[in-house]
Amino acid sequence: MPKRKTENKRLDRSQKKPEKLIDKNDVRIDGRKLDELRPVKIEVGVLGNADGSAYIEQGKNKILAAIYGPKEVHPRHLALPDRSLLRCRYHMAPFSVEERKSPAPSRREVELSKVIREALEPSVFVEYYPRTSVDIFIEVLQADGGTRCAGLTAASLALADAGIPMRDLVVACAAGKVEGRLVLDLTDVEDKGGEVDLPLALMPNLNGITLLQMDGDLTVDEFEKVVNLALDGCRRLYALQKETLKSKYVVKEAVEE
Ligand code: ADP
């Protein structure tokens, strides 16, 4: 018997799952094709008080990322002699999901904070700023599946916006399997009603995968296809990431009277 996804997801699934998530013409419940991303909007430099920031909307997900640093480490005993200390807090606002979520950090949020930090760290020249810290805050304002990936995409842009030297950007996207079909960028209802969710983060120029998780079971052949689908999604998002970053530095020519 195939391994089931987590218990709390199954409970939610029975409450919300519509009859069919994909119709006979391979059209998904939100009208997308199997390999289509949700509409994405990204902005950088949205917060005046942070050193760097970014905002992303991916479908119904709305996520802010803010960077503070490099700065002196508090508490000081955490300072590292040879590199900067990268810290990350992924947090979902109490109003980000239908039922109020406790503002206290859940086990899921603690885990996501860790995997997101580990996915971003290889892209940052942490050795340039010994004895400092760089704090990454990811605040999910509205959640609809794939928030770790959208949060990562925004956080990497926010690091770039803070002027922190980086080897590459990091971009993330999930793919998976729903009703036997392989799909890109799952929504919450697809994630809960589907069989597999595979979030993946990529450094596109270095061609390095910095995060790969999988919830559910796939055959080796399916796994390869789903990874390639997620990589393709990442590359499309990367083009948007670059465009967003460049647009901040475009000097608009004055319109002549
Ligand atoms: P990701 O957002 O990266 O896909 P999960 O797979 O753990 O992470 O979660 C999937 C989705 O489940 C979230 O995007 C969110 O929409 C929903 N969700 C997560 N935590 C809660 C919660 N405490 N209450 C209601 N919905 C939640």
# chains A, B, ... in the order shown; residues from 1 in each chain; ligands from 1
>>> residues_near_ligand(ligand="ligand 1", cutoff="9 Å", atoms="only C-alpha atoms and all ligand atoms", output="JSON, numbers by chain")
{"A": [9, 12, 61, 92, 94, 96, 97, 98, 99, 100, 101, 102, 106, 108, 109, 112, 140, 142, 143, 144, 145, 146, 147, 148, 149, 150, 151, 174, 186, 187, 188, 189, 191, 192, 197, 198, 199, 215]}
>>> write_last_selection(atoms="N, CA and C atoms", output="tab-separated table (two decimals), in the first residue's frame")
chain	number	residue	atom	x	y	z
A	9	LYS	N	-3.21	16.61	6.94
A	9	LYS	CA	-3.59	16.91	5.57
A	9	LYS	C	-4.79	16.07	5.17
A	12	ASP	N	-8.00	17.58	6.59
A	12	ASP	CA	-8.41	18.74	5.79
A	12	ASP	C	-9.01	18.30	4.48
A	61	ASN	N	-1.21	33.05	-3.04
A	61	ASN	CA	-0.17	33.28	-2.03
A	61	ASN	C	0.26	34.74	-2.04
A	92	MET	N	3.75	32.23	9.34
A	92	MET	CA	2.44	32.46	8.72
A	92	MET	C	1.60	33.33	9.63
A	94	PRO	N	-1.57	34.98	11.48
A	94	PRO	CA	-2.79	34.28	11.97
A	94	PRO	C	-3.94	34.33	10.96
A	96	SER	N	-3.59	34.24	7.68
A	96	SER	CA	-3.14	33.81	6.35
A	96	SER	C	-3.89	32.59	5.83
A	97	VAL	N	-4.59	31.89	6.72
A	97	VAL	CA	-5.37	30.72	6.31
A	97	VAL	C	-6.80	30.88	6.81
A	98	GLU	N	-7.70	30.01	6.33
A	98	GLU	CA	-9.12	30.21	6.65
A	98	GLU	C	-9.39	30.20	8.15
A	99	GLU	N	-8.85	29.17	8.82
A	99	GLU	CA	-9.05	29.13	10.27
A	99	GLU	C	-7.87	29.80	10.93
A	100	ARG	N	-8.13	30.68	11.90
A	100	ARG	CA	-7.04	31.43	12.52
A	100	ARG	C	-5.91	30.51	12.95
A	101	LYS	N	-4.69	30.89	12.52
A	101	LYS	CA	-3.52	30.10	12.91
A	101	LYS	C	-2.87	30.75	14.11
A	102	SER	N	-2.46	29.93	15.08
A	102	SER	CA	-1.80	30.52	16.24
A	102	SER	C	-0.55	31.26	15.79
A	106	SER	N	4.91	27.10	14.84
A	106	SER	CA	4.54	25.69	14.86
A	106	SER	C	5.76	24.86	14.49
A	108	ARG	N	5.96	22.95	12.00
A	108	ARG	CA	6.10	23.10	10.56
A	108	ARG	C	6.89	24.37	10.23
A	109	GLU	N	6.58	25.46	10.93
A	109	GLU	CA	7.29	26.72	10.65
A	109	GLU	C	8.76	26.64	11.06
A	112	LEU	N	10.37	24.65	8.29
A	112	LEU	CA	10.51	25.43	7.04
A	112	LEU	C	11.57	26.51	7.18
A	140	VAL	N	4.20	35.11	5.69
A	140	VAL	CA	3.13	34.69	4.77
A	140	VAL	C	1.85	35.42	5.17
A	142	GLN	N	-0.95	35.53	3.09
A	142	GLN	CA	-2.06	34.68	2.62
A	142	GLN	C	-1.45	33.42	2.01
A	143	ALA	N	-1.98	32.25	2.41
A	143	ALA	CA	-1.36	30.99	1.99
A	143	ALA	C	-2.31	30.16	1.14
A	144	ASP	N	-1.75	29.61	0.06
A	144	ASP	CA	-2.55	28.69	-0.76
A	144	ASP	C	-1.66	27.63	-1.40
A	145	GLY	N	-0.82	26.99	-0.60
A	145	GLY	CA	0.05	25.93	-1.13
A	145	GLY	C	1.29	26.48	-1.79
A	146	GLY	N	2.42	25.83	-1.52
A	146	GLY	CA	3.68	26.26	-2.15
A	146	GLY	C	4.26	27.52	-1.54
A	147	THR	N	3.98	27.75	-0.25
A	147	THR	CA	4.49	28.99	0.35
A	147	THR	C	5.99	28.92	0.65
A	148	ARG	N	6.51	27.69	0.89
A	148	ARG	CA	7.95	27.62	1.17
A	148	ARG	C	8.72	28.03	-0.09
A	149	CYS	N	8.20	27.60	-1.26
A	149	CYS	CA	8.89	27.93	-2.52
A	149	CYS	C	8.75	29.41	-2.84
A	150	ALA	N	7.53	29.93	-2.76
A	150	ALA	CA	7.34	31.35	-3.08
A	150	ALA	C	8.11	32.22	-2.08
A	151	GLY	N	8.14	31.79	-0.80
A	151	GLY	CA	8.88	32.53	0.21
A	151	GLY	C	10.37	32.55	-0.09
A	174	ALA	N	7.35	24.11	-6.83
A	174	ALA	CA	6.98	22.71	-6.54
A	174	ALA	C	6.30	22.09	-7.76
A	186	LEU	N	1.53	23.32	-7.38
A	186	LEU	CA	0.27	22.88	-6.78
A	186	LEU	C	-0.33	23.93	-5.84
A	187	THR	N	-1.64	24.07	-5.91
A	187	THR	CA	-2.34	24.92	-4.94
A	187	THR	C	-2.59	24.08	-3.68
A	188	ASP	N	-3.14	24.73	-2.66
A	188	ASP	CA	-3.41	24.03	-1.39
A	188	ASP	C	-4.33	22.84	-1.60
A	189	VAL	N	-5.41	23.04	-2.37
A	189	VAL	CA	-6.38	21.96	-2.55
A	189	VAL	C	-5.78	20.81	-3.37
A	191	ASP	N	-2.52	20.11	-3.36
A	191	ASP	CA	-1.54	19.51	-2.46
A	191	ASP	C	-2.24	18.52	-1.53
A	192	LYS	N	-3.36	18.95	-0.96
A	192	LYS	CA	-4.05	18.09	0.01
A	192	LYS	C	-4.80	16.95	-0.65
A	197	ASP	N	3.71	15.96	-3.57
A	197	ASP	CA	4.15	17.36	-3.65
A	197	ASP	C	5.67	17.33	-3.53
A	198	LEU	N	6.36	17.95	-4.49
A	198	LEU	CA	7.83	17.93	-4.48
A	198	LEU	C	8.34	19.36	-4.66
A	199	PRO	N	8.64	20.05	-3.55
A	199	PRO	CA	9.22	21.39	-3.66
A	199	PRO	C	10.72	21.30	-3.97
A	215	ASP	N	6.74	14.70	-0.60
A	215	ASP	CA	5.68	14.19	0.27
A	215	ASP	C	4.85	13.24	-0.59
>>> select_by_dssp(residues="range 31-248 of chain A", states="helix (DSSP H, G or I)", output="ChimeraX atom specification")
/A:76-78,107-123,126-128,147-161,188-193,220-248
>>> atom_distance(atom1="CA of His77 in chain A", atom2="CA of Val134 in chain A")
15.2 Å
>>> residues_around(residues="Leu212 in chain A", least_positions_apart="2", cutoff="8 Å", atoms="only C-alpha atoms", output="MDAnalysis selection string")
chainID A and resid 198:201 209:210 214
>>> closest_residue(among="A:Glu72, A:Glu19, A:Asp232, A:Glu222", to="Asp185 in chain A", atoms="only C-alpha atoms")
A:Asp232
>>> select_by_dssp(residues="range 18-233 of chain A", states="strand (DSSP E)", output="compact mmCIF listing (two decimals) with C-alpha atoms, in the first residue's frame")
# COMPACT_ATOMS: atom_id res chain seq x y z
CA VAL A 40 3.14 35.57 -10.49
CA LYS A 41 3.81 39.16 -9.46
CA ILE A 42 7.08 40.15 -7.76
CA GLU A 43 8.31 43.47 -6.38
CA VAL A 44 11.55 44.44 -4.64
CA GLY A 52 16.32 44.55 1.58
CA SER A 53 12.83 43.33 0.85
CA ALA A 54 10.60 41.67 -1.71
CA TYR A 55 6.93 40.86 -2.12
CA ILE A 56 5.55 37.97 -4.13
CA GLU A 57 2.08 36.97 -5.21
CA GLN A 58 1.83 33.52 -6.72
CA ASN A 61 -0.17 33.28 -2.03
CA LYS A 62 0.90 36.69 -0.74
CA ILE A 63 4.30 36.75 0.92
CA LEU A 64 6.70 39.41 2.18
CA ALA A 65 10.42 38.83 2.68
CA ALA A 66 12.64 41.23 4.65
CA ILE A 67 16.39 41.23 5.28
CA TYR A 68 18.24 42.86 8.15
CA GLY A 69 22.01 42.86 7.97
CA PRO A 70 24.86 42.26 7.78
CA LYS A 71 24.93 43.67 11.31
CA GLU A 72 26.40 42.95 14.74
CA LEU A 85 25.50 33.96 10.71
CA LEU A 86 22.48 33.47 8.44
CA ARG A 87 19.19 33.20 10.34
CA CYS A 88 15.75 32.68 8.91
CA ARG A 89 12.23 32.93 10.27
CA TYR A 90 9.37 31.63 8.12
CA HIS A 91 6.08 32.69 9.71
CA MET A 92 2.44 32.46 8.72
CA THR A 132 27.92 39.57 11.65
CA SER A 133 24.41 38.24 11.17
CA VAL A 134 22.00 38.39 8.28
CA ASP A 135 18.39 37.89 9.33
CA ILE A 136 15.82 36.71 6.81
CA PHE A 137 12.15 37.16 7.67
CA ILE A 138 9.47 35.51 5.55
CA GLU A 139 5.96 36.56 6.45
CA VAL A 140 3.13 34.69 4.77
CA LEU A 141 0.15 37.05 4.59
CA GLN A 142 -2.06 34.68 2.62
CA VAL A 171 14.46 30.25 -7.11
CA ALA A 172 11.97 27.63 -6.00
CA CYS A 173 8.93 25.86 -7.35
CA ALA A 174 6.98 22.71 -6.54
CA ALA A 175 5.67 20.03 -8.87
CA GLY A 176 3.81 16.84 -8.04
CA LYS A 177 1.18 14.30 -8.89
CA VAL A 178 -2.56 14.87 -8.71
CA ARG A 181 -1.23 13.30 -13.59
CA LEU A 182 2.07 15.17 -13.14
CA VAL A 183 1.46 18.86 -12.44
CA LEU A 184 3.42 22.05 -11.82
CA VAL A 196 2.65 13.91 -4.32
CA ASP A 197 4.15 17.36 -3.65
CA LEU A 198 7.83 17.93 -4.48
CA PRO A 199 9.22 21.39 -3.66
CA LEU A 200 12.58 22.18 -5.26
CA ALA A 201 14.96 25.16 -5.07
CA LEU A 202 17.56 25.91 -7.73
CA MET A 203 20.56 28.17 -8.24
CA GLY A 208 22.71 23.51 -8.14
CA ILE A 209 19.67 22.19 -6.34
CA THR A 210 19.58 23.56 -2.78
CA LEU A 211 16.27 22.10 -1.62
CA LEU A 212 14.44 18.97 -2.60
>>> residues_around(residues="Val126 in chain A", least_positions_apart="3", cutoff="8 Å", atoms="only C-alpha atoms", output="short mmCIF file (atom, residue, chain, number, x, y, z; two decimals) with N, CA and C atoms, in the first residue's frame")
data_model
loop_
_atom_site.label_atom_id
_atom_site.label_comp_id
_atom_site.auth_asym_id
_atom_site.auth_seq_id
_atom_site.Cartn_x
_atom_site.Cartn_y
_atom_site.Cartn_z
N ARG A 83 32.68 33.83 9.41
CA ARG A 83 31.60 34.07 8.45
C ARG A 83 30.40 34.70 9.13
N SER A 84 29.49 35.12 8.30
CA SER A 84 28.26 35.72 8.79
C SER A 84 27.30 34.61 9.22
N LEU A 85 26.50 34.92 10.23
CA LEU A 85 25.50 33.96 10.71
C LEU A 85 24.19 34.26 9.98
N LEU A 86 23.73 33.29 9.20
CA LEU A 86 22.48 33.47 8.44
C LEU A 86 21.35 32.88 9.27
N GLU A 121 21.64 29.55 1.96
CA GLU A 121 23.03 29.73 2.41
C GLU A 121 24.07 29.49 1.30
N TYR A 129 31.58 38.55 5.53
CA TYR A 129 31.19 39.36 6.69
C TYR A 129 31.29 38.58 8.00
N PRO A 130 32.54 38.29 8.44
CA PRO A 130 32.67 37.54 9.69
C PRO A 130 32.09 38.34 10.87
#
>>> residues_around(residues="Met166 in chain A", least_positions_apart="6", cutoff="9 Å", atoms="only C-alpha atoms", output="list in words")
Pro122, Ser123, Val124, Phe125, Val126, Leu159 and Ala160 of chain A
>>> write_last_selection(atoms="C-alpha atoms", output="mmCIF file, in the first residue's frame")
data_model
loop_
_atom_site.group_PDB
_atom_site.id
_atom_site.type_symbol
_atom_site.label_atom_id
_atom_site.label_comp_id
_atom_site.auth_asym_id
_atom_site.auth_seq_id
_atom_site.Cartn_x
_atom_site.Cartn_y
_atom_site.Cartn_z
ATOM 1 C CA PRO A 122 24.974 28.227 -0.558
ATOM 2 C CA SER A 123 24.119 31.315 -2.627
ATOM 3 C CA VAL A 124 25.489 33.862 -0.140
ATOM 4 C CA PHE A 125 29.163 34.818 0.312
ATOM 5 C CA VAL A 126 28.845 34.461 4.093
ATOM 6 C CA LEU A 159 18.956 39.362 -0.169
ATOM 7 C CA ALA A 160 19.973 40.760 -3.552
#
>>> decode(residues="range 70-97 of chain A", atoms="N, CA and C atoms", output="PDB file, in the first residue's frame")
ATOM      1  N   PRO A  70      24.064  42.794   6.674  1.00  0.00           N
ATOM      2  CA  PRO A  70      24.861  42.259   7.778  1.00  0.00           C
ATOM      3  C   PRO A  70      24.980  43.281   8.920  1.00  0.00           C
ATOM      4  N   LYS A  71      24.825  42.802  10.133  1.00  0.00           N
ATOM      5  CA  LYS A  71      24.931  43.665  11.310  1.00  0.00           C
ATOM      6  C   LYS A  71      25.518  42.866  12.475  1.00  0.00           C
ATOM      7  N   GLU A  72      25.808  43.604  13.556  1.00  0.00           N
ATOM      8  CA  GLU A  72      26.400  42.947  14.737  1.00  0.00           C
ATOM      9  C   GLU A  72      25.452  41.867  15.265  1.00  0.00           C
ATOM     10  N   VAL A  73      26.013  40.742  15.685  1.00  0.00           N
ATOM     11  CA  VAL A  73      25.160  39.623  16.125  1.00  0.00           C
ATOM     12  C   VAL A  73      24.674  39.832  17.562  1.00  0.00           C
ATOM     13  N   HIS A  74      23.400  39.591  17.767  1.00  0.00           N
ATOM     14  CA  HIS A  74      22.842  39.555  19.130  1.00  0.00           C
ATOM     15  C   HIS A  74      22.107  38.255  19.315  1.00  0.00           C
ATOM     16  N   PRO A  75      22.309  37.482  20.356  1.00  0.00           N
ATOM     17  CA  PRO A  75      23.343  37.655  21.374  1.00  0.00           C
ATOM     18  C   PRO A  75      24.744  37.413  20.796  1.00  0.00           C
ATOM     19  N   ARG A  76      25.708  38.122  21.360  1.00  0.00           N
ATOM     20  CA  ARG A  76      27.056  38.181  20.762  1.00  0.00           C
ATOM     21  C   ARG A  76      27.760  36.833  20.719  1.00  0.00           C
ATOM     22  N   HIS A  77      27.445  35.942  21.672  1.00  0.00           N
ATOM     23  CA  HIS A  77      28.173  34.661  21.696  1.00  0.00           C
ATOM     24  C   HIS A  77      27.841  33.797  20.469  1.00  0.00           C
ATOM     25  N   LEU A  78      26.821  34.182  19.717  1.00  0.00           N
ATOM     26  CA  LEU A  78      26.487  33.402  18.507  1.00  0.00           C
ATOM     27  C   LEU A  78      27.355  33.789  17.309  1.00  0.00           C
ATOM     28  N   ALA A  79      28.115  34.871  17.452  1.00  0.00           N
ATOM     29  CA  ALA A  79      28.927  35.358  16.326  1.00  0.00           C
ATOM     30  C   ALA A  79      29.929  34.301  15.878  1.00  0.00           C
ATOM     31  N   LEU A  80      30.114  34.192  14.563  1.00  0.00           N
ATOM     32  CA  LEU A  80      31.060  33.214  14.018  1.00  0.00           C
ATOM     33  C   LEU A  80      32.308  33.961  13.563  1.00  0.00           C
ATOM     34  N   PRO A  81      33.512  33.441  13.916  1.00  0.00           N
ATOM     35  CA  PRO A  81      34.738  34.195  13.635  1.00  0.00           C
ATOM     36  C   PRO A  81      35.063  34.320  12.156  1.00  0.00           C
ATOM     37  N   ASP A  82      34.565  33.376  11.346  1.00  0.00           N
ATOM     38  CA  ASP A  82      34.999  33.343   9.941  1.00  0.00           C
ATOM     39  C   ASP A  82      33.884  33.634   8.937  1.00  0.00           C
ATOM     40  N   ARG A  83      32.675  33.828   9.414  1.00  0.00           N
ATOM     41  CA  ARG A  83      31.603  34.070   8.448  1.00  0.00           C
ATOM     42  C   ARG A  83      30.396  34.703   9.127  1.00  0.00           C
ATOM     43  N   SER A  84      29.490  35.122   8.295  1.00  0.00           N
ATOM     44  CA  SER A  84      28.259  35.719   8.792  1.00  0.00           C
ATOM     45  C   SER A  84      27.297  34.614   9.223  1.00  0.00           C
ATOM     46  N   LEU A  85      26.497  34.916  10.226  1.00  0.00           N
ATOM     47  CA  LEU A  85      25.497  33.957  10.707  1.00  0.00           C
ATOM     48  C   LEU A  85      24.186  34.258   9.977  1.00  0.00           C
ATOM     49  N   LEU A  86      23.728  33.286   9.199  1.00  0.00           N
ATOM     50  CA  LEU A  86      22.484  33.468   8.441  1.00  0.00           C
ATOM     51  C   LEU A  86      21.351  32.880   9.273  1.00  0.00           C
ATOM     52  N   ARG A  87      20.344  33.717   9.567  1.00  0.00           N
ATOM     53  CA  ARG A  87      19.191  33.203  10.337  1.00  0.00           C
ATOM     54  C   ARG A  87      17.929  33.441   9.528  1.00  0.00           C
ATOM     55  N   CYS A  88      16.963  32.544   9.702  1.00  0.00           N
ATOM     56  CA  CYS A  88      15.749  32.677   8.909  1.00  0.00           C
ATOM     57  C   CYS A  88      14.525  32.376   9.769  1.00  0.00           C
ATOM     58  N   ARG A  89      13.516  33.213   9.619  1.00  0.00           N
ATOM     59  CA  ARG A  89      12.227  32.931  10.268  1.00  0.00           C
ATOM     60  C   ARG A  89      11.127  32.939   9.216  1.00  0.00           C
ATOM     61  N   TYR A  90      10.549  31.756   8.988  1.00  0.00           N
ATOM     62  CA  TYR A  90       9.365  31.633   8.123  1.00  0.00           C
ATOM     63  C   TYR A  90       8.171  31.677   9.061  1.00  0.00           C
ATOM     64  N   HIS A  91       7.239  32.560   8.807  1.00  0.00           N
ATOM     65  CA  HIS A  91       6.085  32.690   9.713  1.00  0.00           C
ATOM     66  C   HIS A  91       4.807  32.924   8.922  1.00  0.00           C
ATOM     67  N   MET A  92       3.745  32.229   9.343  1.00  0.00           N
ATOM     68  CA  MET A  92       2.439  32.455   8.721  1.00  0.00           C
ATOM     69  C   MET A  92       1.602  33.333   9.635  1.00  0.00           C
ATOM     70  N   ALA A  93       1.092  34.419   9.091  1.00  0.00           N
ATOM     71  CA  ALA A  93       0.257  35.328   9.878  1.00  0.00           C
ATOM     72  C   ALA A  93      -1.016  34.598  10.318  1.00  0.00           C
ATOM     73  N   PRO A  94      -1.574  34.976  11.480  1.00  0.00           N
ATOM     74  CA  PRO A  94      -2.786  34.284  11.970  1.00  0.00           C
ATOM     75  C   PRO A  94      -3.935  34.331  10.963  1.00  0.00           C
ATOM     76  N   PHE A  95      -3.960  35.367  10.127  1.00  0.00           N
ATOM     77  CA  PHE A  95      -5.059  35.537   9.166  1.00  0.00           C
ATOM     78  C   PHE A  95      -4.718  34.974   7.775  1.00  0.00           C
ATOM     79  N   SER A  96      -3.594  34.242   7.679  1.00  0.00           N
ATOM     80  CA  SER A  96      -3.139  33.806   6.350  1.00  0.00           C
ATOM     81  C   SER A  96      -3.887  32.590   5.828  1.00  0.00           C
ATOM     82  N   VAL A  97      -4.592  31.895   6.718  1.00  0.00           N
ATOM     83  CA  VAL A  97      -5.369  30.716   6.305  1.00  0.00           C
ATOM     84  C   VAL A  97      -6.803  30.884   6.805  1.00  0.00           C
TER      85      VAL A  97
END
